[in-house]
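What follows is the content of query20.pdb (PDB, C-alpha atoms).
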ATOM      1  CA  MET A   1       3.063 -10.118  -7.451
ATOM      2  CA  ARG A   2       3.440  -6.434  -6.668
ATOM      3  CA  PRO A   3       1.818  -4.051  -9.168
ATOM      4  CA  ILE A   4       4.239  -2.977 -11.906
ATOM      5  CA  LEU A   5       4.203   0.342 -13.774
ATOM      6  CA  LEU A   6       5.353   0.063 -17.383
ATOM      7  CA  LYS A   7       6.045   3.564 -18.682
ATOM      8  CA  ASN A   8       5.649   4.298 -22.400
ATOM      9  CA  LEU A   9       4.048   0.980 -23.281
ATOM     10  CA  LEU A  10       2.239   2.929 -26.022
ATOM     11  CA  THR A  11       3.994   5.619 -28.037
ATOM     12  CA  SER A  12       2.870   9.237 -27.825
ATOM     13  CA  LYS A  13       1.514   9.149 -31.402
ATOM     14  CA  GLU A  14      -0.318   5.903 -30.654
ATOM     15  CA  VAL A  15      -1.968   7.410 -27.557
ATOM     16  CA  PHE A  16      -3.112  10.506 -29.526
ATOM     17  CA  TRP A  17      -4.521   8.244 -32.272
ATOM     18  CA  LEU A  18      -6.283   5.999 -29.751
ATOM     19  CA  TYR A  19      -7.706   8.919 -27.754
ATOM     20  CA  ARG A  20      -9.212  10.512 -30.891
ATOM     21  CA  LYS A  21     -10.616   7.171 -32.032
ATOM     22  CA  LEU A  22     -12.130   6.328 -28.636
ATOM     23  CA  VAL A  23     -13.678   9.738 -27.994
ATOM     24  CA  GLY A  24     -15.238   9.680 -31.475
ATOM     25  CA  LEU A  25     -16.921   6.275 -31.204
ATOM     26  CA  PRO A  26     -20.737   6.426 -30.829
ATOM     27  CA  LEU A  27     -20.768   3.383 -28.518
ATOM     28  CA  TRP A  28     -20.295   4.945 -25.070
ATOM     29  CA  ASN A  29     -22.530   3.828 -22.213
ATOM     30  CA  LEU A  30     -23.442   6.843 -20.075
ATOM     31  CA  THR A  31     -25.032   6.018 -16.761
ATOM     32  CA  GLY A  32     -25.257   7.428 -13.292
ATOM     33  CA  LYS A  33     -26.923   4.335 -11.896
ATOM     34  CA  PRO A  34     -24.844   1.671 -10.170
ATOM     35  CA  TYR A  35     -25.540  -1.973 -10.900
ATOM     36  CA  PHE A  36     -24.555  -5.157  -9.130
ATOM     37  CA  ASP A  37     -22.449  -7.902 -10.657
ATOM     38  CA  GLN A  38     -24.544 -11.081 -10.390
ATOM     39  CA  LYS A  39     -21.417 -13.269 -10.029
ATOM     40  CA  ASP A  40     -19.985 -11.095  -7.241
ATOM     41  CA  PRO A  41     -22.825  -9.380  -5.325
ATOM     42  CA  GLU A  42     -20.387  -7.345  -3.219
ATOM     43  CA  ARG A  43     -19.110  -5.648  -6.356
ATOM     44  CA  LEU A  44     -20.885  -2.428  -7.260
ATOM     45  CA  ASP A  45     -20.227  -0.837 -10.653
ATOM     46  CA  ALA A  46     -21.007   2.868 -10.903
ATOM     47  CA  THR A  47     -19.030   4.002 -13.931
ATOM     48  CA  ILE A  48     -20.378   7.224 -15.365
ATOM     49  CA  ALA A  49     -18.975   6.697 -18.879
ATOM     50  CA  ASN A  50     -17.610   3.439 -20.203
ATOM     51  CA  LEU A  51     -17.082   1.712 -23.507
ATOM     52  CA  THR A  52     -17.151  -2.088 -23.366
ATOM     53  CA  ILE A  53     -15.034  -3.635 -26.121
ATOM     54  CA  ILE A  54     -14.744  -7.284 -24.991
ATOM     55  CA  LYS A  55     -17.037  -8.962 -22.473
ATOM     56  CA  ASN A  56     -16.836 -12.648 -21.549
ATOM     57  CA  THR A  57     -14.168 -13.129 -24.259
ATOM     58  CA  GLN A  58     -16.480 -11.833 -27.035
ATOM     59  CA  PRO A  59     -16.289  -8.518 -28.923
ATOM     60  CA  VAL A  60     -19.197  -6.196 -28.112
ATOM     61  CA  GLY A  61     -20.873  -4.617 -31.150
ATOM     62  CA  PHE A  62     -18.926  -2.870 -33.876
ATOM     63  CA  ASN A  63     -15.890  -1.389 -32.166
ATOM     64  CA  GLY A  64     -13.699  -0.450 -35.107
ATOM     65  CA  GLY A  65     -11.180  -3.255 -34.500
ATOM     66  CA  LEU A  66     -10.444  -2.231 -30.928
ATOM     67  CA  ASP A  67     -11.079  -5.804 -29.765
ATOM     68  CA  ILE A  68      -8.125  -7.038 -31.845
ATOM     69  CA  TYR A  69      -6.013  -4.109 -30.658
ATOM     70  CA  GLY A  70      -6.896  -4.931 -27.024
ATOM     71  CA  GLU A  71      -6.026  -8.594 -27.502
ATOM     72  CA  SER A  72      -2.530  -7.570 -28.642
ATOM     73  CA  ILE A  73      -1.763  -5.591 -25.463
ATOM     74  CA  PRO A  74      -0.993  -8.564 -23.147
ATOM     75  CA  HIS A  75       1.582  -9.806 -25.674
ATOM     76  CA  ARG A  76       3.245  -6.392 -25.757
ATOM     77  CA  ILE A  77       3.215  -6.306 -21.950
ATOM     78  CA  ASN A  78       4.850  -9.729 -21.739
ATOM     79  CA  GLU A  79       7.736  -8.431 -23.845
ATOM     80  CA  ARG A  80       8.266  -5.659 -21.280
ATOM     81  CA  LEU A  81       7.800  -8.034 -18.306
ATOM     82  CA  LYS A  82      10.756 -10.166 -19.427
ATOM     83  CA  GLU A  83      13.048  -7.793 -17.507
ATOM     84  CA  TYR A  84      11.109  -8.761 -14.349
ATOM     85  CA  LYS A  85      11.189 -12.468 -15.307
ATOM     86  CA  LEU A  86       7.381 -12.460 -15.302
ATOM     87  CA  GLU A  87       4.661 -13.374 -17.751
ATOM     88  CA  ILE A  88       0.912 -12.802 -17.533
ATOM     89  CA  PRO A  89      -1.860 -14.752 -19.294
ATOM     90  CA  THR A  90      -2.723 -13.458 -22.763
ATOM     91  CA  ALA A  91      -6.357 -14.618 -23.163
ATOM     92  CA  VAL A  92      -8.494 -11.465 -22.803
ATOM     93  CA  ASP A  93     -11.678 -11.972 -20.798
ATOM     94  CA  ARG A  94     -12.727  -8.308 -20.605
ATOM     95  CA  PHE A  95     -11.606  -5.025 -22.156
ATOM     96  CA  TRP A  96     -13.322  -1.731 -21.496
ATOM     97  CA  ILE A  97     -12.520   1.967 -21.455
ATOM     98  CA  ASN A  98     -13.444   4.288 -18.594
ATOM     99  CA  ALA A  99     -13.759   8.046 -19.017
ATOM    100  CA  THR A 100     -13.672  10.152 -15.878
ATOM    101  CA  PHE A 101     -13.779  13.861 -15.276
ATOM    102  CA  SER A 102     -13.577  16.049 -12.195
ATOM    103  CA  GLN A 103     -17.192  15.494 -11.112
ATOM    104  CA  SER A 104     -17.312  11.730 -11.787
ATOM    105  CA  HIS A 105     -18.509   9.356  -9.110
ATOM    106  CA  SER A 106     -16.984   6.289 -10.682
ATOM    107  CA  HIS A 107     -13.991   5.436  -8.502
ATOM    108  CA  TRP A 108     -14.171   3.237  -5.419
ATOM    109  CA  PRO A 109     -11.855   0.554  -4.022
ATOM    110  CA  HIS A 110     -12.624  -2.764  -5.712
ATOM    111  CA  HIS A 111     -11.083  -5.849  -7.307
ATOM    112  CA  ASP A 112     -11.635  -6.879 -10.943
ATOM    113  CA  ASP A 113     -11.955 -10.610 -10.330
ATOM    114  CA  ALA A 114     -11.866 -13.120  -7.473
ATOM    115  CA  ASP A 115      -9.698 -15.564  -9.467
ATOM    116  CA  PRO A 116      -6.058 -15.353  -8.235
ATOM    117  CA  ALA A 117      -4.892 -16.538 -11.683
ATOM    118  CA  ALA A 118      -6.485 -13.525 -13.427
ATOM    119  CA  PHE A 119      -4.443 -10.398 -14.149
ATOM    120  CA  SER A 120      -5.503  -6.818 -14.763
ATOM    121  CA  ILE A 121      -3.952  -4.138 -16.929
ATOM    122  CA  VAL A 122      -4.798  -0.449 -16.577
ATOM    123  CA  LEU A 123      -3.679   1.623 -19.557
ATOM    124  CA  PHE A 124      -3.313   5.417 -19.242
ATOM    125  CA  LEU A 125      -4.878   6.742 -22.452
ATOM    126  CA  ALA A 126      -5.112  10.536 -22.129
ATOM    127  CA  PRO A 127      -2.480  11.843 -24.567
ATOM    128  CA  VAL A 128      -1.228  14.690 -22.367
ATOM    129  CA  TRP A 129      -1.154  14.825 -18.596
ATOM    130  CA  ASN A 130       0.068  17.268 -15.992
ATOM    131  CA  GLU A 131       0.641  16.039 -12.431
ATOM    132  CA  GLN A 132      -1.372  19.053 -11.187
ATOM    133  CA  TRP A 133      -4.447  17.512 -12.832
ATOM    134  CA  LEU A 134      -4.338  14.627 -10.289
ATOM    135  CA  GLY A 135      -5.920  11.424 -11.718
ATOM    136  CA  SER A 136      -3.561   8.916 -10.058
ATOM    137  CA  PHE A 137      -4.225   5.189  -9.898
ATOM    138  CA  PHE A 138      -3.909   3.344  -6.580
ATOM    139  CA  CYS A 139      -3.323  -0.382  -6.189
ATOM    140  CA  ASP A 140      -2.754  -2.119  -2.858
ATOM    141  CA  GLY A 141      -2.032   1.252  -1.247
ATOM    142  CA  GLU A 142       0.608   2.238  -3.816
ATOM    143  CA  GLU A 143       0.112   5.396  -5.910
ATOM    144  CA  PHE A 144       0.845   5.392  -9.635
ATOM    145  CA  LYS A 145       0.857   8.845 -11.230
ATOM    146  CA  PHE A 146      -1.091   9.067 -14.492
ATOM    147  CA  SER A 147       1.498   8.610 -17.243
ATOM    148  CA  PRO A 148       0.249   8.842 -20.893
ATOM    149  CA  GLY A 149       0.930   5.565 -22.681
ATOM    150  CA  GLY A 150       1.858   3.811 -19.443
ATOM    151  CA  ALA A 151       0.274   0.707 -17.946
ATOM    152  CA  VAL A 152      -0.031  -0.833 -14.489
ATOM    153  CA  VAL A 153      -0.113  -4.642 -14.363
ATOM    154  CA  PHE A 154      -1.395  -6.435 -11.264
ATOM    155  CA  GLN A 155      -3.319  -9.477 -10.080
ATOM    156  CA  SER A 156      -7.064  -8.960 -10.548
ATOM    157  CA  THR A 157      -7.693  -9.788  -6.873
ATOM    158  CA  ASN A 158      -5.761  -6.651  -5.801
ATOM    159  CA  ILE A 159      -7.877  -3.815  -4.432
ATOM    160  CA  HIS A 160      -7.495  -0.701  -6.580
ATOM    161  CA  THR A 161      -9.141   2.613  -7.455
ATOM    162  CA  GLY A 162      -8.542   5.763  -9.439
ATOM    163  CA  ASP A 163      -8.515   9.455  -8.627
ATOM    164  CA  ASN A 164     -10.676  11.967 -10.491
ATOM    165  CA  PRO A 165      -8.846  14.657 -12.427
ATOM    166  CA  SER A 166      -9.012  18.243 -11.184
ATOM    167  CA  LEU A 167     -11.428  20.859 -12.536
ATOM    168  CA  LYS A 168      -8.548  22.403 -14.518
ATOM    169  CA  CYS A 169      -7.901  19.259 -16.563
ATOM    170  CA  PRO A 170      -8.772  19.834 -20.254
ATOM    171  CA  TYR A 171      -8.853  16.103 -21.113
ATOM    172  CA  LEU A 172     -11.023  13.168 -20.169
ATOM    173  CA  ARG A 173      -9.072  10.798 -17.935
ATOM    174  CA  LEU A 174      -9.289   7.747 -20.209
ATOM    175  CA  THR A 175      -8.110   4.390 -18.946
ATOM    176  CA  GLY A 176      -8.224   1.040 -20.683
ATOM    177  CA  ASN A 177      -8.927  -1.903 -18.417
ATOM    178  CA  ILE A 178      -8.073  -5.440 -19.497
ATOM    179  CA  VAL A 179      -8.568  -8.672 -17.514
ATOM    180  CA  THR A 180      -6.648 -11.735 -18.719
ATOM    181  CA  ARG A 181      -6.711 -15.433 -17.798
ATOM    182  CA  ARG A 182      -4.582 -18.509 -18.537
ATOM    183  CA  SER A 183      -7.454 -20.307 -20.218
ATOM    184  CA  ILE A 184     -10.977 -19.208 -20.874
ATOM    185  CA  SER A 185     -13.825 -21.679 -20.889
ATOM    186  CA  LYS A 186     -17.044 -20.778 -22.658
TER     187      LYS A 186
END

Please rewrite the model in this file as structure tokens.
Amino acid sequence: MRPILLKNLLTSKEVFWLYRKLVGLPLWNLTGKPYFDQKDPERLDATIANLTIIKNTQPVGFNGGLDIYGESIPHRINERLKEYKLEIPTAVDRFWINATFSQSHSHWPHHDDADPAAFSIVLFLAPVWNEQWLGSFFCDGEEFKFSPGGAVVFQSTNIHTGDNPSLKCPYLRLTGNIVTRRSISK
């Protein structure tokens, strides 16, 4: 499946609400140290600021109901994918938010999962965006301009990365990242 951009998956008001809620949560993990994924030793995670909401199918800490919100997104996406005659799995394995800024060192080409049956969703969550602020998302060599409320859907095995925003960008470049599977075994 080629990556698909779904513009305006979230309404403008919804994105403003979500941005304010996310930025205000006291649960952010700030780190400059990369760590290795034990299941996939070639995968290096170096996110500077992230907020994990669901990990291994389980909500992480008190997240103000964002786990339930995140679990609704694949269903909303499937409604929009009907025009492509496609459907993705709806069981959420992981859901996290990344915050990047002009000096971040958190983007590198990677895949989210080695399972070809897993799908990834990247949500664009900054409420306002100007193309001059950069911040594009790239998947399998294709560029997707940051589009507030938009989402890119792709197979989790696809290599992808993001672009840092420019120094002139007044917002954090927030993206929601969801990985789904057909069935999840515990």

Here is a test: counting all atoms listed in the file, which residue of A:Pro109, A:Pro148, A:Gly162, A:Pro26 is nearest to Leu10 in chain A?
A:Pro148

Expansion of the PyMOL selection byres ((chain A and resi 119) around 9) into residues, as a ChimeraX atom specification
/A:88-89,112-113,115-118,120-121,153-157,178-181

For the file shown, report as number ranges by chain the outcome of the PyMOL selection byres ((chain A and resi 95) around 10) at residue level.
A: 51-60, 66-67, 70-71, 92-94, 96-97, 120-122, 176-180

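The space separating CA of Ala99 in chain A from CA of Leu134 in chain A comes to 14.4 Å.
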
Please write as a PyMOL selection string the full residue list that the PyMOL selection byres ((chain A and resi 169) around 10) yields on this file.
chain A and resi 101-102+128-130+132-135+164-168+170-173

Could you check how far CA of Arg182 in chain A sits from CA of Lys85 in chain A, in Å to one decimal?
17.2 Å

Interatomic distance between CA of Lys7 in chain A and CA of Leu25 in chain A?
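Straight-line distance from CA of Lys7 in chain A to CA of Leu25 in chain A works out to 26.3 Å.
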
Given all atoms listed in the file as the counted atoms, nearest of A:Pro3, A:Gly150, A:Pro74, A:Gly64 to Val15 in chain A:
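Counting all atoms listed in the file, the residue closest to Val15 in chain A is A:Gly150.
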
Name the residues in contact with Thr175 in chain A at a cut-off of 6 Å, using only C-alpha atoms, excluding same-chain residues fewer than 5 positions from it; report them as a VMD selection string.
chain A and resid 97 to 98 123 to 125

Residues at most 9 Å from Asn78 in chain A, counting only C-alpha atoms, excluding those fewer than 2 positions away in the same chain, as a PyMOL selection string?
chain A and resi 73-76+80-82+86-90

Could you tell me which of A:Glu79, A:Phe144, A:Ile4, A:Ala126 comes closest to Leu22 in chain A if we count only C-alpha atoms?
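Closest to Leu22 in chain A of all the choices is A:Ala126.
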
Option closest in space to Ala114 in chain A, from A:Ile159, A:Val152, A:Leu5, A:Leu27 [counting all atoms listed in the file]:
A:Ile159

Between A:His110, A:Pro127, A:Glu143, A:Phe137, single out the one closest to Trp17 in chain A, counting all atoms listed in the file.
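Smallest distance to Trp17 in chain A is found for A:Pro127.
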
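Distance check against Leu9 in chain A using all atoms listed in the file: of A:Asp163, A:Ile77, A:Gly141, A:Ser136, the minimum falls on A:Ile77.
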